[in-house]
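Here's the structure we're looking at; comments come further down.
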Amino acid sequence: MEFLVEDKKLNSIKADVEVIFIVNQNLEHKWVDKKDKDLFEMCKFKAKDEESIYLIEKNRVYVAIKEINHESLRIASSIAIKKIKATTNKSVKIGLYQDENCAVRNIKAMVEGMILGSYKFENYKKEPEKNEIEKIIFSTEDYSNLKQDKEKLLDAISRGEIVANCVNFARDIVNTPPKMMTPKKLAKKAKDMAEELNLEAVIHDDSFLKEQGMGAFLAVSRASSERPRLIHLTYKAENPKLKLALVGKGLTYDSGGLSLKPSDYMATMKADKSGAVATLAIMKAVASMKLPIELDIVIGACENMIGGNAYKPDDVLTAKNGKTIEVKNTDAEGRLVLADCLCYAQELKPDFIFDMATLTGACIVALGEYTFGVMGHNKELKNEMIDASNRAGELSAELPFNKYLPKLIKSQIADVCNISSSRYGGAITAGLFLSEFIDEEYKDKWLHLDIAGPSFVEKEWDYNPFGASGAGIRSVIKWIETKCREK
Ligand code: BES
Ligand code: ZN
Ligand code: ZN
């Protein structure tokens with residue numbers, strides 16, 4: 001899909017289909033054709049609550065929105081594009097819905113909504129549905145600052161395209177079945193991406209993990225015939241304003257290990273690599289947009305399987321920083337992999353370190369399927385991330401640490417236990433487990449993002465189709481963009 005801006009009235013632009021958003025049930029707007037109102041009545045179209053109608057003979061799609069803001073436009077654009085995608089129409093025209101000088105942000109949101117909403121994972125279908133839409137033309141009618149803003153509009157389109165395409169890039173990888181997306185294949189994907197974007201790439205295997213004393217990561221990987229990989233990519237802008245390290249949980253499959261998951265819970269665990277893949281996608285976006293930062297991404301990629309050599313409940317492991325871990329449940333494996341990867345990433349001496357992981361079912365219980373959890377010791381940093389996610393069109397919420405919960409991961413025989421002694425607060429105790437592997441000087445510079453809830457969509461919502469969603473990617477990109485602007 002190509003996005004164009006034409007300095008013409010909507011009516012004078014040539015396109016196969018016209019998209020019109022009806023704002024707050026206002027049917028008197030000049031773009032609403034008077035003759036269509038009878039059809040609305042016949043179809044019981046009230047122009048309420050994200051309702052939409054496709055008048056095929058008129059080549060016109062109407063979508064209702066309550067008010068104009070970036071998220072309502074993202075959603076409405078995705079609704080419109082999905083309807084049009086089901087036809088053979090090739091070109092679409094649409095207005096620029098501006099709210100108080102925010103057209104630039106709005107056009108970016110519309111582009112994102114169209115690219116994200118039209119995504120479907122069909123790599124394994126014999127006859128994939130074709131997306132025949134070739135171009136989307138934005139009319140600048142009613143846009144008063146066009147002369148001074150044209151460049152900004154084009155730039156916003158291009159940033160919207162980059163961000164949304166990176167999210168879809170992540171969705172493709174996460175949706176790929178575990179047989180096809182092993183740690184080795186994921187490393188190859190990362191390497192190919194690095195080559196394309198001129199990034200430094202280092203891929204480590206078992207021998208490095210042994211050398212580095214990464215006993216926790218190694219234990220999780222041990223029973224799988226697919227060997228683990230530690231993937232490390234680096235991007236350096238010329239004059240970086242900050243240095244960020246992102247650590248991703250890359251379980252290309254999580255069977256639970258000897259604490260085996262029941263089948264119902266095991267299915268979808270190909271998506272246990274979502275955190276890792278999110279860091280890859282963020283890297284792709286940051287490097288494509290040439291954002292002025294230094295970014296390291298560190299991915300712990302492996303499979304959690306069963307076998308004669310599997311790690312066991314009762315084992316005691318030693319992580320890279322020398323801390324010992326009592327294993328009581330092999331299904332709490334993500335935190336073990338991350339423990340070693342967080343130690344590795346701190347040695348890179350970043351200004352900030354964030355980890356992204358589908359870490360706990362408890363986070364889904366706590367926040368629901370639409371919201372990711374934000375944890376850490378620095379209130380301001382957590383607020384920055386939550387604020388960034390709101391502005392990016394994602395939902396996140398803080399899960400607060402407190403002084404009582406750390407007691408729940410105490411072990412009688414080792415420095416820490418990999419599960420909590422209580423059934424409650426599991427997302428937070430998992431976060432506190434990770435905190436055990438964060439050095440004192442990094443406590444205030446670290447965030448843990450538990451994306452278990454929104455990372456895999458079982459029932460599509462808004463511009464999130466079935467399957468991998470790419471959760472967390474847009475939020476972290478937005479945080480980086482904001483931080484760069486402040487510096
Ligand atoms: N990968 C899972 C968490 C998860 C669950 C992600 C559902 C997405 C959807 C993680 O490794 C896990 O199994 N966690 C356990 C921890 C428990 C054993 C303390 C869980 O959440 O049940
Ligand atoms: Zn698990
Ligand atoms: Zn897992």
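Each chain of the structure tokens is named A, B, ... in the order shown, its residues numbered from 1; ligands are numbered from 1 in display order.
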Problem - All strand (DSSP E or B) positions in range 183-378 of chain A, as a PyMOL selection string - result: chain A and resi 200-204+229-236+243-254+294-304+316-318+324-326+352-357+371-376
Within 9 Å of ligand 3, which residues of chain A show up? Give each one with its shortest atom-to-atom distance in Å (one decimal) and the two atoms involved, counting only C-alpha atoms and all ligand atoms, rows by chain then rising residue number, as a tab-separated table.
```
residue	atom	partner	partner_atom_place_in_ligand_line	distance
A:Lys249	CA	ligand 3	1 (Zn)	8.1
A:Gly250	CA	ligand 3	1 (Zn)	8.7
A:Leu251	CA	ligand 3	1 (Zn)	6.3
A:Tyr253	CA	ligand 3	1 (Zn)	7.8
A:Asp254	CA	ligand 3	1 (Zn)	5.2
A:Ser255	CA	ligand 3	1 (Zn)	8.1
A:Gly256	CA	ligand 3	1 (Zn)	7.2
A:Met269	CA	ligand 3	1 (Zn)	7.3
A:Ala271	CA	ligand 3	1 (Zn)	8.9
A:Asp272	CA	ligand 3	1 (Zn)	5.4
A:Lys273	CA	ligand 3	1 (Zn)	8.2
A:Asn304	CA	ligand 3	1 (Zn)	7.9
A:Asp331	CA	ligand 3	1 (Zn)	6.6
A:Ala332	CA	ligand 3	1 (Zn)	6.6
A:Glu333	CA	ligand 3	1 (Zn)	5.9
A:Gly334	CA	ligand 3	1 (Zn)	5.0
A:Arg335	CA	ligand 3	1 (Zn)	8.4
A:Ala357	CA	ligand 3	1 (Zn)	8.4
A:Thr358	CA	ligand 3	1 (Zn)	6.4
A:Leu359	CA	ligand 3	1 (Zn)	5.8
A:Thr360	CA	ligand 3	1 (Zn)	7.3
```
Practice task
Quick one: everything within 8 Å of range 141-155 of chain A, counting only C-alpha atoms, minus sequence neighbours fewer than 5 positions away in the same chain. Send it as a PyMOL selection string.
Solution key: chain A and resi 5+7-10+95-96+98+103-104+107
Hey, can you spit out that residue selection with N, CA, C and O atoms as an mmCIF file, in the first residue's frame?
```cif
data_model
loop_
_atom_site.group_PDB
_atom_site.id
_atom_site.type_symbol
_atom_site.label_atom_id
_atom_site.label_comp_id
_atom_site.auth_asym_id
_atom_site.auth_seq_id
_atom_site.Cartn_x
_atom_site.Cartn_y
_atom_site.Cartn_z
ATOM 1 N N VAL A 5 -0.302 12.201 -0.574
ATOM 2 C CA VAL A 5 -1.052 13.380 -0.138
ATOM 3 C C VAL A 5 -1.348 14.207 -1.377
ATOM 4 O O VAL A 5 -0.434 14.519 -2.134
ATOM 5 N N ASP A 7 -3.099 17.756 -2.839
ATOM 6 C CA ASP A 7 -3.607 19.058 -2.446
ATOM 7 C C ASP A 7 -4.859 19.395 -3.267
ATOM 8 O O ASP A 7 -4.869 20.354 -4.029
ATOM 9 N N LYS A 8 -5.886 18.575 -3.108
ATOM 10 C CA LYS A 8 -7.136 18.757 -3.857
ATOM 11 C C LYS A 8 -8.299 18.493 -2.928
ATOM 12 O O LYS A 8 -8.130 17.825 -1.897
ATOM 13 N N LYS A 9 -9.478 18.951 -3.328
ATOM 14 C CA LYS A 9 -10.658 18.625 -2.539
ATOM 15 C C LYS A 9 -10.933 17.126 -2.643
ATOM 16 O O LYS A 9 -10.655 16.525 -3.689
ATOM 17 N N LEU A 10 -11.522 16.579 -1.589
ATOM 18 C CA LEU A 10 -11.813 15.143 -1.577
ATOM 19 C C LEU A 10 -12.618 14.743 -2.823
ATOM 20 O O LEU A 10 -12.318 13.736 -3.475
ATOM 21 N N GLY A 95 -10.073 11.983 3.868
ATOM 22 C CA GLY A 95 -9.697 13.330 4.329
ATOM 23 C C GLY A 95 -8.611 13.253 5.388
ATOM 24 O O GLY A 95 -8.229 12.177 5.846
ATOM 25 N N LEU A 96 -8.139 14.435 5.775
ATOM 26 C CA LEU A 96 -7.163 14.514 6.870
ATOM 27 C C LEU A 96 -7.960 14.996 8.066
ATOM 28 O O LEU A 96 -8.440 16.117 8.051
ATOM 29 N N GLN A 98 -8.113 16.570 11.260
ATOM 30 C CA GLN A 98 -7.207 17.239 12.183
ATOM 31 C C GLN A 98 -7.940 17.661 13.448
ATOM 32 O O GLN A 98 -9.102 18.015 13.422
ATOM 33 N N ALA A 103 -2.777 17.403 12.963
ATOM 34 C CA ALA A 103 -2.941 16.592 11.761
ATOM 35 C C ALA A 103 -1.762 15.667 11.545
ATOM 36 O O ALA A 103 -1.917 14.559 11.062
ATOM 37 N N VAL A 104 -0.599 16.138 11.926
ATOM 38 C CA VAL A 104 0.588 15.327 11.687
ATOM 39 C C VAL A 104 0.520 14.034 12.496
ATOM 40 O O VAL A 104 0.814 12.954 12.001
ATOM 41 N N ILE A 107 -2.450 11.847 10.971
ATOM 42 C CA ILE A 107 -2.194 11.144 9.713
ATOM 43 C C ILE A 107 -1.319 9.915 9.995
ATOM 44 O O ILE A 107 -1.524 8.843 9.424
#
```
Completion exercise
From CA of Asn168 in chain A to CA of Glu127 in chain A the spacing works out at 19.9 Å
Residues of range 317-348 of chain A at most 12 Å from range 387-410 of chain A: nearest atom pair and distance in Å, only C-alpha atoms, as a tab-separated table:
```
residue	atom	partner	partner_atom	distance
A:Thr324	CA	A:Lys410	CA	11.3
A:Ile325	CA	A:Lys410	CA	9.8
A:Glu326	CA	A:Lys410	CA	9.3
A:Val327	CA	A:Ile409	CA	10.9
A:Lys328	CA	A:Ile409	CA	10.6
```
Same residues, all heavy atoms, saved as a compact mmCIF listing (two decimals), in the first residue's frame:
```
# COMPACT_ATOMS: atom_id res chain seq x y z
N THR A 324 22.60 -18.02 43.33
CA THR A 324 22.04 -19.36 43.14
C THR A 324 20.51 -19.31 43.17
O THR A 324 19.92 -18.51 43.89
CB THR A 324 22.56 -20.33 44.22
OG1 THR A 324 22.23 -19.78 45.49
CG2 THR A 324 24.06 -20.54 44.11
N ILE A 325 19.93 -20.19 42.37
CA ILE A 325 18.46 -20.20 42.22
C ILE A 325 17.93 -21.60 42.46
O ILE A 325 18.36 -22.55 41.81
CB ILE A 325 18.06 -19.78 40.78
CG1 ILE A 325 18.68 -18.44 40.39
CG2 ILE A 325 16.53 -19.75 40.64
CD1 ILE A 325 18.66 -18.17 38.89
N GLU A 326 17.00 -21.71 43.39
CA GLU A 326 16.33 -22.99 43.60
C GLU A 326 15.16 -23.08 42.62
O GLU A 326 14.32 -22.17 42.55
CB GLU A 326 15.81 -23.10 45.03
CG GLU A 326 15.11 -24.43 45.29
CD GLU A 326 14.43 -24.53 46.67
OE1 GLU A 326 14.40 -23.52 47.39
OE2 GLU A 326 13.94 -25.62 46.99
N VAL A 327 15.12 -24.17 41.85
CA VAL A 327 14.02 -24.35 40.89
C VAL A 327 12.91 -25.13 41.57
O VAL A 327 13.15 -26.21 42.11
CB VAL A 327 14.50 -25.14 39.65
CG1 VAL A 327 13.34 -25.42 38.70
CG2 VAL A 327 15.61 -24.39 38.93
N LYS A 328 11.73 -24.55 41.59
CA LYS A 328 10.61 -25.33 42.13
C LYS A 328 9.59 -25.62 41.04
O LYS A 328 8.72 -26.46 41.23
CB LYS A 328 9.96 -24.59 43.30
CG LYS A 328 10.73 -24.76 44.60
CD LYS A 328 9.86 -24.43 45.79
CE LYS A 328 10.58 -24.73 47.11
NZ LYS A 328 9.95 -23.99 48.21
```
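The space separating CA of Ser78 in chain A from CA of Ala170 in chain A comes to 18.5 Å.
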Problem - Non-local contacts of Asn24 in chain A (7 Å; only C-alpha atoms; under 6 positions in same chain excluded) as JSON, numbers by chain - result: {"A": [65, 66, 67]}
Store the residues of this selection in a file with N, CA, C and O atoms, as a PDB file, in the first residue's frame.
```
ATOM      1  N   ILE A  65     -17.214   7.725  14.396  1.00  0.00           N
ATOM      2  CA  ILE A  65     -16.349   7.866  15.583  1.00  0.00           C
ATOM      3  C   ILE A  65     -16.945   8.922  16.498  1.00  0.00           C
ATOM      4  O   ILE A  65     -17.625   9.824  16.054  1.00  0.00           O
ATOM      5  N   LYS A  66     -16.683   8.754  17.785  1.00  0.00           N
ATOM      6  CA  LYS A  66     -17.258   9.682  18.759  1.00  0.00           C
ATOM      7  C   LYS A  66     -16.570  11.030  18.672  1.00  0.00           C
ATOM      8  O   LYS A  66     -17.188  12.080  18.669  1.00  0.00           O
ATOM      9  N   GLU A  67     -15.253  10.993  18.646  1.00  0.00           N
ATOM     10  CA  GLU A  67     -14.491  12.245  18.556  1.00  0.00           C
ATOM     11  C   GLU A  67     -13.201  11.963  17.798  1.00  0.00           C
ATOM     12  O   GLU A  67     -12.831  10.797  17.611  1.00  0.00           O
TER      13      GLU A  67
END
```
Practice task
Please identify all polymer residues within 6 Å of Ile231 in chain A, counting only C-alpha atoms, omitting same-chain residues fewer than 5 positions from it, and present them as a PyMOL selection string.
Solution key: chain A and resi 203+298-299
Let me see the file: selected residues, N, CA, C and O atoms, as a compact mmCIF listing (two decimals), in the first residue's frame.
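Produced file out.txt, reproduced below:
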```txt
# COMPACT_ATOMS: atom_id res chain seq x y z
N ILE A 203 26.18 -13.41 17.47
CA ILE A 203 25.32 -14.53 17.86
C ILE A 203 26.18 -15.52 18.65
O ILE A 203 27.20 -15.99 18.13
N VAL A 298 19.40 -7.58 23.44
CA VAL A 298 19.96 -8.85 23.88
C VAL A 298 18.82 -9.84 24.00
O VAL A 298 17.86 -9.62 24.75
N ILE A 299 18.90 -10.91 23.23
CA ILE A 299 17.80 -11.89 23.20
C ILE A 299 18.29 -13.24 23.71
O ILE A 299 19.31 -13.75 23.26
```
Closest contacts (range 421-460 of chain A/range 175-190 of chain A, max 12 Å, only C-alpha atoms) as a Markdown table:
```
| residue | atom | partner | partner_atom | distance |
| --- | --- | --- | --- | --- |
| A:Ser455 | CA | A:Asn175 | CA | 10.7 |
| A:Phe456 | CA | A:Asn175 | CA | 9.0 |
| A:Val457 | CA | A:Asn175 | CA | 10.8 |
```
Go ahead and save the residues from that selection, with N, CA and C atoms, as a CSV table (one decimal), in the first residue's frame.
```csv
chain,number,residue,atom,x,y,z
A,455,SER,N,0.1,-9.9,24.0
A,455,SER,CA,1.0,-10.3,22.9
A,455,SER,C,0.3,-11.3,21.9
A,456,PHE,N,-0.6,-12.1,22.4
A,456,PHE,CA,-1.3,-13.0,21.5
A,456,PHE,C,-2.8,-12.8,21.6
A,457,VAL,N,-3.4,-12.5,20.4
A,457,VAL,CA,-4.8,-12.2,20.4
A,457,VAL,C,-5.6,-13.4,20.0
```
Completion exercise
Residue with the minimum atom-to-atom distance to Lys236 in chain A, picked from A:Asn198, A:Thr482, A:Ser259, A:Ser221 with only C-alpha atoms counted, is A:Asn198
Handout entry: helix (DSSP H, G or I) per DSSP on the backbone: members of range 240-294 of chain A, as a ChimeraX atom specification
Key = /A:263-266,269-288
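Nearest to Cys343 in chain A of all the residues A:Met305, A:Cys43, A:Ala319, A:Val277 is A:Ala319, based on only C-alpha atoms.
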Exercise for the section: Could you give me, as number ranges by chain, the residues within 8 Å of Glu161 in chain A, counting only C-alpha atoms and dropping anything in the same chain fewer than 6 positions from it? Expected result: A: 108, 111-112, 115
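Using only C-alpha atoms and all ligand atoms for every distance, the candidate list A:Tyr265, A:Phe437, A:Phe466, A:Tyr311 yields A:Tyr265 as the residue closest to ligand 1.
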